[in-house]
file upload_21.cif (mmCIF, C-alpha atoms)
data_model
loop_
_atom_site.label_atom_id
_atom_site.label_comp_id
_atom_site.auth_asym_id
_atom_site.auth_seq_id
_atom_site.Cartn_x
_atom_site.Cartn_y
_atom_site.Cartn_z
CA MET A 1 0.00 0.00 0.00
CA SER A 2 1.31 3.40 -0.93
CA THR A 3 1.65 6.42 1.28
CA LEU A 4 0.48 8.70 -1.52
CA THR A 5 -2.44 10.72 -0.25
CA VAL A 6 -5.89 9.32 -0.89
CA GLN A 7 -8.27 12.17 -1.67
CA GLN A 8 -11.19 12.64 0.69
CA MET A 9 -13.41 13.75 -2.15
CA LEU A 10 -13.73 12.50 -5.72
CA ASN A 11 -16.03 13.49 -8.57
CA SER A 12 -17.46 11.39 -11.35
CA GLU A 13 -19.82 12.36 -14.13
CA ARG A 14 -22.95 12.14 -11.99
CA LEU A 15 -21.70 11.60 -8.42
CA ILE A 16 -19.61 13.07 -5.66
CA MET A 17 -17.79 10.69 -3.37
CA ARG A 18 -16.56 12.02 -0.04
CA ALA A 19 -15.59 10.75 3.40
CA PRO A 20 -18.58 9.99 5.69
CA GLN A 21 -20.18 12.81 7.66
CA ALA A 22 -22.78 13.05 10.42
CA SER A 23 -25.39 14.19 7.90
CA ASP A 24 -25.21 10.78 6.16
CA LEU A 25 -26.14 8.80 9.26
CA GLN A 26 -29.90 8.79 8.84
CA ALA A 27 -29.80 7.46 5.28
CA TYR A 28 -27.26 4.83 6.33
CA GLN A 29 -29.44 3.75 9.26
CA ALA A 30 -32.42 3.41 6.92
CA TYR A 31 -30.34 1.17 4.66
CA CYS A 32 -29.21 -0.90 7.67
CA ALA A 33 -32.81 -1.40 8.77
CA SER A 34 -33.88 -2.51 5.28
CA PRO A 35 -33.65 -5.98 3.74
CA ARG A 36 -30.94 -4.57 1.41
CA SER A 37 -28.40 -5.03 4.23
CA SER A 38 -29.10 -8.78 4.38
CA PHE A 39 -26.18 -9.43 1.97
CA VAL A 40 -23.80 -8.18 4.68
CA GLY A 41 -25.38 -9.70 7.79
CA GLY A 42 -28.24 -7.24 8.38
CA PRO A 43 -30.75 -5.92 9.06
CA PHE A 44 -29.17 -3.89 11.87
CA ASP A 45 -30.90 -1.69 14.45
CA THR A 46 -30.08 2.01 14.80
CA ALA A 47 -27.51 1.45 17.57
CA LYS A 48 -25.64 -1.18 15.53
CA ALA A 49 -25.88 1.00 12.44
CA PHE A 50 -24.38 3.89 14.39
CA GLU A 51 -21.46 1.67 15.43
CA LYS A 52 -20.90 0.50 11.89
CA PHE A 53 -20.99 4.02 10.53
CA THR A 54 -18.57 5.34 13.18
CA ALA A 55 -16.21 2.52 12.19
CA MET A 56 -16.50 3.59 8.55
CA ALA A 57 -15.78 7.22 9.42
CA GLY A 58 -13.00 6.36 11.87
CA HIS A 59 -11.21 4.19 9.32
CA TRP A 60 -10.30 7.42 7.52
CA ILE A 61 -8.79 8.91 10.67
CA VAL A 62 -6.81 5.85 11.61
CA ARG A 63 -5.67 4.74 8.13
CA GLY A 64 -5.83 7.91 6.06
CA PHE A 65 -8.19 6.28 3.57
CA GLY A 66 -11.54 4.56 3.72
CA ARG A 67 -14.93 4.20 2.17
CA TYR A 68 -16.65 7.18 0.60
CA VAL A 69 -20.30 8.13 0.74
CA MET A 70 -21.75 8.50 -2.78
CA LEU A 71 -23.84 11.60 -3.29
CA LYS A 72 -26.28 12.09 -6.14
CA ASP A 73 -27.65 15.65 -6.29
CA GLY A 74 -26.62 16.09 -2.65
CA ILE A 75 -28.42 12.94 -1.47
CA ALA A 76 -26.37 10.20 0.16
CA ILE A 77 -27.15 7.05 -1.83
CA GLY A 78 -24.45 4.55 -0.88
CA HIS A 79 -20.89 3.87 0.10
CA VAL A 80 -17.91 2.72 -1.91
CA GLY A 81 -14.21 2.25 -1.36
CA PRO A 82 -11.36 0.45 0.37
CA LEU A 83 -11.42 -1.19 3.76
CA CYS A 84 -8.36 -2.54 5.52
CA MET A 85 -8.71 -4.58 8.68
CA ASP A 86 -5.39 -6.35 8.36
CA GLU A 87 -2.34 -4.71 6.82
CA SER A 88 -0.78 -8.03 5.86
CA VAL A 89 -3.39 -8.66 3.16
CA ALA A 90 -4.71 -6.61 0.23
CA PRO A 91 -7.41 -4.09 1.17
CA GLU A 92 -10.98 -5.01 0.45
CA PHE A 93 -13.07 -3.06 -2.02
CA THR A 94 -16.77 -2.67 -1.25
CA TRP A 95 -19.72 -0.84 -2.75
CA THR A 96 -23.34 -0.63 -1.68
CA LEU A 97 -26.35 1.36 -2.84
CA TRP A 98 -28.48 2.19 0.18
CA ASP A 99 -31.79 2.54 -1.66
CA GLY A 100 -33.09 0.29 -4.44
CA ALA A 101 -34.45 3.33 -6.26
CA TYR A 102 -30.89 4.10 -7.40
CA GLU A 103 -30.18 0.64 -8.78
CA GLY A 104 -29.93 -0.18 -12.45
CA GLN A 105 -28.52 3.18 -13.49
CA GLY A 106 -24.83 2.39 -13.28
CA TYR A 107 -24.14 4.47 -10.18
CA ALA A 108 -22.28 1.77 -8.26
CA THR A 109 -20.14 0.95 -11.29
CA GLU A 110 -19.42 4.63 -11.90
CA ALA A 111 -18.47 5.18 -8.25
CA ALA A 112 -16.36 2.04 -7.90
CA SER A 113 -14.55 2.70 -11.14
CA THR A 114 -13.77 6.31 -10.12
CA VAL A 115 -12.38 5.20 -6.76
CA TRP A 116 -10.33 2.39 -8.32
CA GLN A 117 -8.86 4.74 -10.91
CA HIS A 118 -7.85 7.19 -8.18
CA LEU A 119 -6.26 4.46 -6.06
CA THR A 120 -4.31 2.95 -8.94
CA ASN A 121 -3.45 6.04 -11.00
CA ASP A 122 -2.88 8.63 -8.28
CA CYS A 123 -1.97 6.48 -5.27
CA GLN A 124 -0.29 3.56 -7.06
CA TRP A 125 -2.28 0.84 -5.32
CA LYS A 126 -1.63 -2.53 -6.93
CA GLU A 127 -4.26 -4.95 -5.72
CA MET A 128 -7.58 -5.22 -3.92
CA VAL A 129 -9.85 -8.06 -2.84
CA ILE A 130 -13.60 -8.13 -3.44
CA ARG A 131 -15.89 -10.48 -1.53
CA ILE A 132 -19.47 -10.98 -2.65
CA VAL A 133 -22.13 -13.54 -1.91
CA PRO A 134 -22.84 -15.15 -5.30
CA ASP A 135 -26.59 -14.51 -4.97
CA ASN A 136 -25.76 -10.84 -5.28
CA THR A 137 -25.42 -11.14 -9.02
CA LYS A 138 -25.61 -7.39 -9.65
CA SER A 139 -22.58 -6.85 -7.47
CA CYS A 140 -20.70 -9.72 -9.14
CA ARG A 141 -21.39 -8.05 -12.47
CA ILE A 142 -19.85 -4.78 -11.22
CA ALA A 143 -16.72 -6.60 -10.05
CA GLU A 144 -16.38 -8.19 -13.48
CA ARG A 145 -16.92 -4.87 -15.21
CA LEU A 146 -14.06 -3.39 -13.15
CA GLY A 147 -11.83 -6.19 -14.43
CA ALA A 148 -11.76 -8.28 -11.26
CA ILE A 149 -10.88 -11.94 -11.53
CA LEU A 150 -12.93 -14.61 -9.77
CA THR A 151 -10.70 -16.87 -7.64
CA ASP A 152 -11.32 -20.17 -5.89
CA GLU A 153 -10.00 -18.84 -2.56
CA ALA A 154 -11.85 -20.08 0.51
CA ALA A 155 -14.35 -17.69 2.09
CA PRO A 156 -13.22 -16.04 5.33
CA VAL A 157 -14.94 -17.17 8.53
CA TRP A 158 -16.65 -13.80 8.94
CA TYR A 159 -18.24 -13.99 5.47
CA PRO A 160 -18.79 -17.71 4.95
CA ASP A 161 -20.89 -17.77 1.79
CA SER A 162 -18.84 -15.27 -0.19
CA VAL A 163 -16.70 -15.71 -3.26
CA THR A 164 -13.44 -13.84 -3.66
CA TYR A 165 -12.44 -11.70 -6.62
CA ARG A 166 -9.06 -10.05 -7.04
CA LEU A 167 -8.56 -6.78 -8.81
CA TYR A 168 -5.11 -5.83 -10.09
CA ALA A 169 -3.86 -2.47 -11.27
CA GLY A 170 -3.86 -2.34 -15.04
CA ALA A 171 -6.76 -4.77 -15.44
CA ALA A 172 -9.56 -3.87 -17.87
CA MET B 1 -18.89 21.33 -1.43
CA THR B 2 -15.89 20.91 0.83
CA THR B 3 -14.83 17.98 2.91
CA THR B 4 -15.11 18.24 6.65
CA THR B 5 -11.81 18.17 8.44
CA ILE B 6 -12.19 16.66 11.84
CA HIS B 7 -10.19 18.42 14.47
CA ILE B 8 -9.40 16.23 17.43
CA PRO B 9 -7.90 18.53 20.08
CA THR B 10 -4.96 17.50 22.24
CA LEU B 11 -5.26 18.03 26.00
CA GLU B 12 -2.51 17.86 28.53
CA THR B 13 -2.53 17.05 32.22
CA GLU B 14 0.33 16.83 34.66
CA ARG B 15 1.36 13.32 33.64
CA LEU B 16 -0.69 12.53 30.53
CA ILE B 17 -1.37 13.65 26.98
CA LEU B 18 -4.90 13.13 25.65
CA ARG B 19 -4.71 12.86 21.86
CA ALA B 20 -6.24 11.37 18.69
CA HIS B 21 -5.94 7.66 17.91
CA THR B 22 -3.17 6.50 15.59
CA LEU B 23 -2.35 3.12 14.10
CA ALA B 24 0.53 2.81 16.56
CA ASP B 25 -1.98 2.58 19.42
CA PHE B 26 -3.57 -0.55 18.05
CA ASP B 27 -1.39 -3.09 19.86
CA ALA B 28 -2.16 -1.49 23.23
CA ILE B 29 -5.88 -1.36 22.44
CA ALA B 30 -5.96 -4.95 21.15
CA GLY B 31 -4.00 -6.05 24.24
CA PHE B 32 -6.55 -4.44 26.53
CA TYR B 33 -9.51 -5.97 24.68
CA ALA B 34 -7.85 -9.40 24.63
CA SER B 35 -7.40 -9.27 28.41
CA ASP B 36 -9.76 -9.91 31.23
CA ARG B 37 -9.49 -6.21 32.11
CA SER B 38 -11.99 -5.50 29.33
CA LYS B 39 -14.70 -7.70 30.86
CA PHE B 40 -16.70 -4.68 32.05
CA VAL B 41 -16.71 -2.99 28.63
CA GLY B 42 -17.81 -5.74 26.27
CA GLY B 43 -14.58 -7.81 26.21
CA PRO B 44 -12.59 -9.90 26.01
CA MET B 45 -12.74 -9.76 22.22
CA SER B 46 -10.70 -10.71 19.14
CA ALA B 47 -8.14 -8.42 17.52
CA GLU B 48 -10.53 -7.97 14.62
CA LEU B 49 -13.27 -6.65 16.88
CA ALA B 50 -10.73 -4.51 18.72
CA TRP B 51 -9.76 -3.00 15.38
CA ARG B 52 -13.41 -2.15 14.66
CA ASN B 53 -13.63 -0.74 18.13
CA MET B 54 -10.68 1.59 17.51
CA SER B 55 -12.22 2.78 14.23
CA GLN B 56 -15.48 3.41 16.02
CA GLU B 57 -13.75 5.44 18.71
CA ALA B 58 -12.10 7.63 16.06
CA GLY B 59 -15.25 7.84 13.96
CA HIS B 60 -17.31 8.96 16.92
CA TRP B 61 -15.49 12.31 16.62
CA VAL B 62 -16.74 12.60 13.03
CA LEU B 63 -20.37 11.87 13.86
CA GLN B 64 -20.71 13.68 17.18
CA GLY B 65 -17.94 16.27 17.13
CA PHE B 66 -16.52 14.87 20.35
CA GLY B 67 -15.20 11.52 21.47
CA ARG B 68 -12.58 9.72 23.46
CA TRP B 69 -8.84 10.34 23.48
CA ILE B 70 -5.87 8.03 23.69
CA LEU B 71 -3.96 8.51 26.94
CA GLU B 72 -0.25 8.74 26.43
CA GLU B 73 1.99 8.63 29.46
CA LYS B 74 4.33 11.62 29.23
CA ALA B 75 7.23 9.96 31.02
CA THR B 76 7.37 6.93 28.73
CA GLY B 77 5.34 7.78 25.61
CA LYS B 78 3.33 4.61 26.25
CA THR B 79 -0.35 4.23 25.33
CA VAL B 80 -1.95 3.63 28.71
CA GLY B 81 -5.68 4.02 28.18
CA MET B 82 -8.64 5.75 26.59
CA VAL B 83 -10.75 8.45 28.19
CA GLY B 84 -13.37 10.85 26.95
CA LEU B 85 -16.86 11.75 25.88
CA TRP B 86 -19.12 9.21 24.31
CA TYR B 87 -22.66 9.28 23.02
CA PRO B 88 -23.46 6.50 20.58
CA ALA B 89 -27.01 5.69 19.48
CA GLY B 90 -28.69 3.71 22.25
CA PHE B 91 -27.01 5.48 25.19
CA PRO B 92 -29.37 7.21 27.62
CA GLU B 93 -27.33 10.44 27.57
CA ARG B 94 -23.83 11.80 27.02
CA GLU B 95 -21.19 9.88 28.88
CA LEU B 96 -17.71 10.28 30.30
CA GLY B 97 -15.89 6.96 29.91
CA TYR B 98 -12.43 5.79 30.90
CA ASP B 99 -10.40 2.61 30.37
CA LEU B 100 -6.90 2.05 31.71
CA TYR B 101 -4.61 -0.59 30.23
CA GLU B 102 -2.44 -3.16 31.95
CA GLY B 103 0.15 -1.62 34.27
CA ALA B 104 -1.42 1.85 34.26
CA THR B 105 -3.74 1.42 37.22
CA GLY B 106 -3.23 2.55 40.79
CA LYS B 107 -1.58 5.83 39.77
CA GLY B 108 -4.64 8.07 39.61
CA TYR B 109 -4.45 8.31 35.81
CA ALA B 110 -8.16 7.65 35.25
CA THR B 111 -9.14 10.41 37.66
CA GLU B 112 -6.54 12.81 36.23
CA ALA B 113 -7.58 12.24 32.61
CA ALA B 114 -11.34 12.04 33.24
CA THR B 115 -11.20 15.32 35.17
CA ALA B 116 -9.58 16.97 32.12
CA ALA B 117 -12.18 15.42 29.80
CA ARG B 118 -15.03 16.59 32.03
CA ALA B 119 -13.58 20.10 32.10
CA TYR B 120 -13.48 20.00 28.28
CA ALA B 121 -17.16 18.95 28.18
CA TYR B 122 -18.20 21.77 30.49
CA ASP B 123 -15.83 24.57 29.48
CA VAL B 124 -15.40 23.99 25.75
CA LEU B 125 -18.57 22.13 24.70
CA GLY B 126 -20.86 23.89 27.19
CA TRP B 127 -22.46 20.75 28.60
CA THR B 128 -24.41 21.18 31.82
CA THR B 129 -24.35 17.57 32.95
CA VAL B 130 -22.57 14.31 32.18
CA ILE B 131 -22.84 10.72 33.42
CA SER B 132 -20.52 7.75 33.62
CA LEU B 133 -22.16 4.40 32.82
CA ILE B 134 -20.38 1.71 34.79
CA ALA B 135 -20.96 -2.05 35.01
CA LYS B 136 -22.31 -2.65 38.49
CA ASP B 137 -19.44 -4.97 39.49
CA ASN B 138 -16.71 -2.62 38.32
CA ALA B 139 -15.76 -1.32 41.77
CA ALA B 140 -12.52 0.38 40.65
CA SER B 141 -14.35 2.42 38.05
CA ILE B 142 -17.16 3.35 40.43
CA ALA B 143 -14.46 4.52 42.87
CA VAL B 144 -12.99 6.84 40.23
CA ALA B 145 -16.41 8.39 39.55
CA THR B 146 -17.04 8.75 43.27
CA ARG B 147 -13.66 10.44 43.73
CA MET B 148 -14.71 12.91 41.03
CA GLY B 149 -17.85 13.73 42.99
CA ALA B 150 -20.30 11.67 40.91
CA LYS B 151 -23.31 10.07 42.60
CA ALA B 152 -25.47 7.06 41.68
CA ASP B 153 -28.53 8.17 39.73
CA GLY B 154 -30.35 5.05 38.59
CA THR B 155 -29.39 2.11 36.39
CA PHE B 156 -29.32 1.36 32.67
CA PRO B 157 -29.40 -2.07 31.01
CA HIS B 158 -26.52 -1.94 28.53
CA GLU B 159 -26.72 -4.33 25.58
CA ARG B 160 -23.17 -5.64 26.07
CA PHE B 161 -21.93 -4.38 29.44
CA GLY B 162 -24.98 -5.76 31.28
CA GLU B 163 -26.65 -3.84 34.06
CA THR B 164 -24.86 -0.51 34.54
CA ILE B 165 -25.00 2.11 37.25
CA ILE B 166 -25.56 5.68 36.09
CA MET B 167 -23.05 7.81 38.00
CA ARG B 168 -23.98 11.47 37.56
CA HIS B 169 -21.17 13.98 37.82
CA PRO B 170 -21.54 17.31 39.59
CA SER B 171 -22.76 20.11 37.31
CA PRO B 172 -20.34 22.89 36.32
CA GLU B 173 -21.80 25.01 39.12
CA GLY B 174 -21.46 22.12 41.53
CA LEU B 175 -17.73 21.92 40.79
CA SER B 176 -16.97 25.61 41.13
#
call {"tool": "encode", "arguments": {"input": "upload_21.cif", "output": "structure tokens"}}
result
Amino acid sequence: MSTLTVQQMLNSERLIMRAPQASDLQAYQAYCASPRSSFVGGPFDTAKAFEKFTAMAGHWIVRGFGRYVMLKDGIAIGHVGPLCMDESVAPEFTWTLWDGAYEGQGYATEAASTVWQHLTNDCQWKEMVIRIVPDNTKSCRIAERLGAILTDEAAPVWYPDSVTYRLYAGAA
Amino acid sequence: MTTTTIHIPTLETERLILRAHTLADFDAIAGFYASDRSKFVGGPMSAELAWRNMSQEAGHWVLQGFGRWILEEKATGKTVGMVGLWYPAGFPERELGYDLYEGATGKGYATEAATAARAYAYDVLGWTTVISLIAKDNAASIAVATRMGAKADGTFPHERFGETIIMRHPSPEGLS
């Protein structure tokens, strides 16, 4: 992982991505309470959602990078970006749309691709891991569109039904 | 639009520095949460959960504008605990919390740091009251709150800590 500065705000054609803020919490809690969070172990109550969101925000402070909140016309619609729990392995890349109304329009792909380009082009990151439960076919499709390669690596204990993709700089 | 820069202030007491979390603190934090000393605050827990916990502590500053500080011992530079202001969703009101790590107890550090954090809450943030939520069997922690003038003011069933005692600190007027 490089020490080159990861920007706290990125722009794409239709979206702004920036580090989490207090004003995003309500939308995130609504997502956590909805069946949409079932792919990542939810639904979660407001207290658990608060904890999860503080962890997302604090990751930026502790590591100097983290997951961004995606904004469409000023509305927080999801999160996207790198997560690193263990420095000895490649960071994980995640993306989530919080509200189904924003699905099917390419927002997650646009956001993930913008973040990946920044990390590889500007920050010289080389590799990331993507874990998805195979039922989440839309998310698998995004990983493939980014150029990620499906591996046969075993699922981690904390995400037992997931498959692992690897994304390398220069792919696609 | 601009990004929000989170300013985590540094406080200083006679023997301690209260400062933002850094990656270098993780071993001390994970050590505390792996030990039996963390049994009153949701532990013991794995290193992975301790990592999440550290992120949450830092991120609390982003969401609430206040939070807890790492305690650094001036004489040695060692990370000896975490003290500060805490108000996650689900808490009954704003809290002053303190954890001391292995080898840092018995020196009055919790009282020294918590007194500085309480002064910050009252003098800088303008709070008029603050509580400490303490597991009912955590006699050492209750003693610290009592030494600071706090008095029992009911109980609160905490999801992970179990039954806690609400120790209410003196108001700003009560301290002056």
call {"tool": "resolve_selection", "arguments": {"input": "upload_21.cif", "expression": "the PyMOL selection byres ((chain B) within 7 of (chain A))", "output": "list in words"}}
result
Thr3, His21, Thr22, Leu23, Trp51, Arg52, Ser55, Gln56, Glu57, Ala58, Gly59, His60, Val62, Leu63, Pro88, Ala89 and Gly90 of chain B
call {"tool": "resolve_selection", "arguments": {"input": "upload_21.cif", "expression": "the PyMOL selection byres ((chain B and resi 27) around 12)", "output": "JSON, numbers by chain"}}
result
{"B": [21, 22, 23, 24, 25, 26, 28, 29, 30, 31, 32, 33, 34, 47, 48, 50, 51, 54, 78, 79, 80, 81, 101]}
call {"tool": "resolve_selection", "arguments": {"input": "upload_21.cif", "expression": "the PyMOL selection byres ((chain A and resi 11) around 10)", "output": "PDB file with C-alpha atoms, in the coordinates of the input"}}
result
ATOM      1  CA  MET A   9     -13.410  13.750  -2.150  1.00  0.00           C
ATOM      2  CA  LEU A  10     -13.730  12.500  -5.720  1.00  0.00           C
ATOM      3  CA  SER A  12     -17.460  11.390 -11.350  1.00  0.00           C
ATOM      4  CA  GLU A  13     -19.820  12.360 -14.130  1.00  0.00           C
ATOM      5  CA  ARG A  14     -22.950  12.140 -11.990  1.00  0.00           C
ATOM      6  CA  LEU A  15     -21.700  11.600  -8.420  1.00  0.00           C
ATOM      7  CA  ILE A  16     -19.610  13.070  -5.660  1.00  0.00           C
ATOM      8  CA  MET A  17     -17.790  10.690  -3.370  1.00  0.00           C
ATOM      9  CA  ARG A  18     -16.560  12.020  -0.040  1.00  0.00           C
ATOM     10  CA  MET A  70     -21.750   8.500  -2.780  1.00  0.00           C
ATOM     11  CA  LEU A  71     -23.840  11.600  -3.290  1.00  0.00           C
ATOM     12  CA  ALA A 111     -18.470   5.180  -8.250  1.00  0.00           C
ATOM     13  CA  THR A 114     -13.770   6.310 -10.120  1.00  0.00           C
ATOM     14  CA  VAL A 115     -12.380   5.200  -6.760  1.00  0.00           C
TER      15      VAL A 115
END
call {"tool": "residues_around", "arguments": {"input": "upload_21.cif", "residues": "range 128-133 of chain B", "least_positions_apart": "3", "cutoff": "7 Å", "atoms": "only C-alpha atoms", "output": "compact mmCIF listing (two decimals) with C-alpha atoms, keeping the file's coordinate frame"}}
result
# COMPACT_ATOMS: atom_id res chain seq x y z
CA ARG B 94 -23.83 11.80 27.02
CA GLU B 95 -21.19 9.88 28.88
CA LEU B 96 -17.71 10.28 30.30
CA GLY B 97 -15.89 6.96 29.91
CA TYR B 122 -18.20 21.77 30.49
CA THR B 164 -24.86 -0.51 34.54
CA ILE B 165 -25.00 2.11 37.25
CA ILE B 166 -25.56 5.68 36.09
CA MET B 167 -23.05 7.81 38.00
CA ARG B 168 -23.98 11.47 37.56
CA HIS B 169 -21.17 13.98 37.82
CA SER B 171 -22.76 20.11 37.31
CA PRO B 172 -20.34 22.89 36.32
call {"tool": "atom_distance", "arguments": {"input": "upload_21.cif", "atom1": "CA of Ala148 in chain A", "atom2": "CA of Cys32 in chain A"}}
result
26.8 Å
call {"tool": "closest_residue", "arguments": {"input": "upload_21.cif", "among": "B:Pro9, B:Gly103, B:Gly77, B:Pro157", "to": "Ala135 in chain B", "atoms": "only C-alpha atoms"}}
result
B:Pro157
call {"tool": "closest_residue", "arguments": {"input": "upload_21.cif", "among": "A:Ala112, A:Phe65, A:Thr137, A:Tyr102", "to": "Val80 in chain A", "atoms": "all atoms listed in the file"}}
result
A:Ala112
call {"tool": "atom_distance", "arguments": {"input": "upload_21.cif", "atom1": "CA of Phe44 in chain A", "atom2": "CA of Thr94 in chain A"}}
result
18.1 Å
call {"tool": "closest_residue", "arguments": {"input": "upload_21.cif", "among": "B:Gly65, B:Arg15, B:Asn53, B:Pro44", "to": "Ala121 in chain B", "atoms": "all atoms listed in the file"}}
result
B:Gly65
call {"tool": "residues_around", "arguments": {"input": "upload_21.cif", "residues": "range 106-119 of chain B", "least_positions_apart": "3", "cutoff": "8 Å", "atoms": "only C-alpha atoms", "output": "list in words"}}
result
Leu11, Glu12, Thr13, Arg15, Leu16, Leu18, Leu71, Val83, Gly84, Leu85, Leu96, Gly97, Tyr98, Asp99, Leu100, Tyr122, Asp123, Val124, Val130, Val144, Ala145, Arg147 and Met148 of chain B
call {"tool": "residues_around", "arguments": {"input": "upload_21.cif", "residues": "Gly100 in chain A", "least_positions_apart": "4", "cutoff": "12 Å", "atoms": "all atoms listed in the file", "output": "list of chain:residue names"}}
result
A:Ala30, A:Tyr31, A:Ser34, A:Pro35, A:Arg36, A:Ser37, A:Ile77, A:Gly78, A:Thr96, A:Gly104, A:Gln105, A:Tyr107, A:Ala108, A:Lys138
call {"tool": "atom_distance", "arguments": {"input": "upload_21.cif", "atom1": "CA of Ile134 in chain B", "atom2": "CA of Gly154 in chain B"}}
result
11.2 Å
call {"tool": "axis_aligned_box", "arguments": {"input": "upload_21.cif", "around": "range 26-31 of chain B", "padding_each_side": "4 Å", "output": "AutoDock Vina command-line options"}}
result
--center_x -3.7 --center_y -3.3 --center_z 21.1 --size_x 12.6 --size_y 13.5 --size_z 14.2
call {"tool": "closest_residue", "arguments": {"input": "upload_21.cif", "among": "B:Gly149, B:Asp36, B:Leu49, B:Glu14", "to": "Leu175 in chain B", "atoms": "all atoms listed in the file"}}
result
B:Gly149
call {"tool": "residues_around", "arguments": {"input": "upload_21.cif", "residues": "Glu127 in chain A", "least_positions_apart": "6", "cutoff": "10 Å", "atoms": "all atoms listed in the file", "output": "count of residues only"}}
result
15
call {"tool": "closest_residue", "arguments": {"input": "upload_21.cif", "among": "A:Ser139, A:Arg131, A:Gly41, A:Ala101", "to": "Asp152 in chain A", "atoms": "all atoms listed in the file"}}
result
A:Arg131
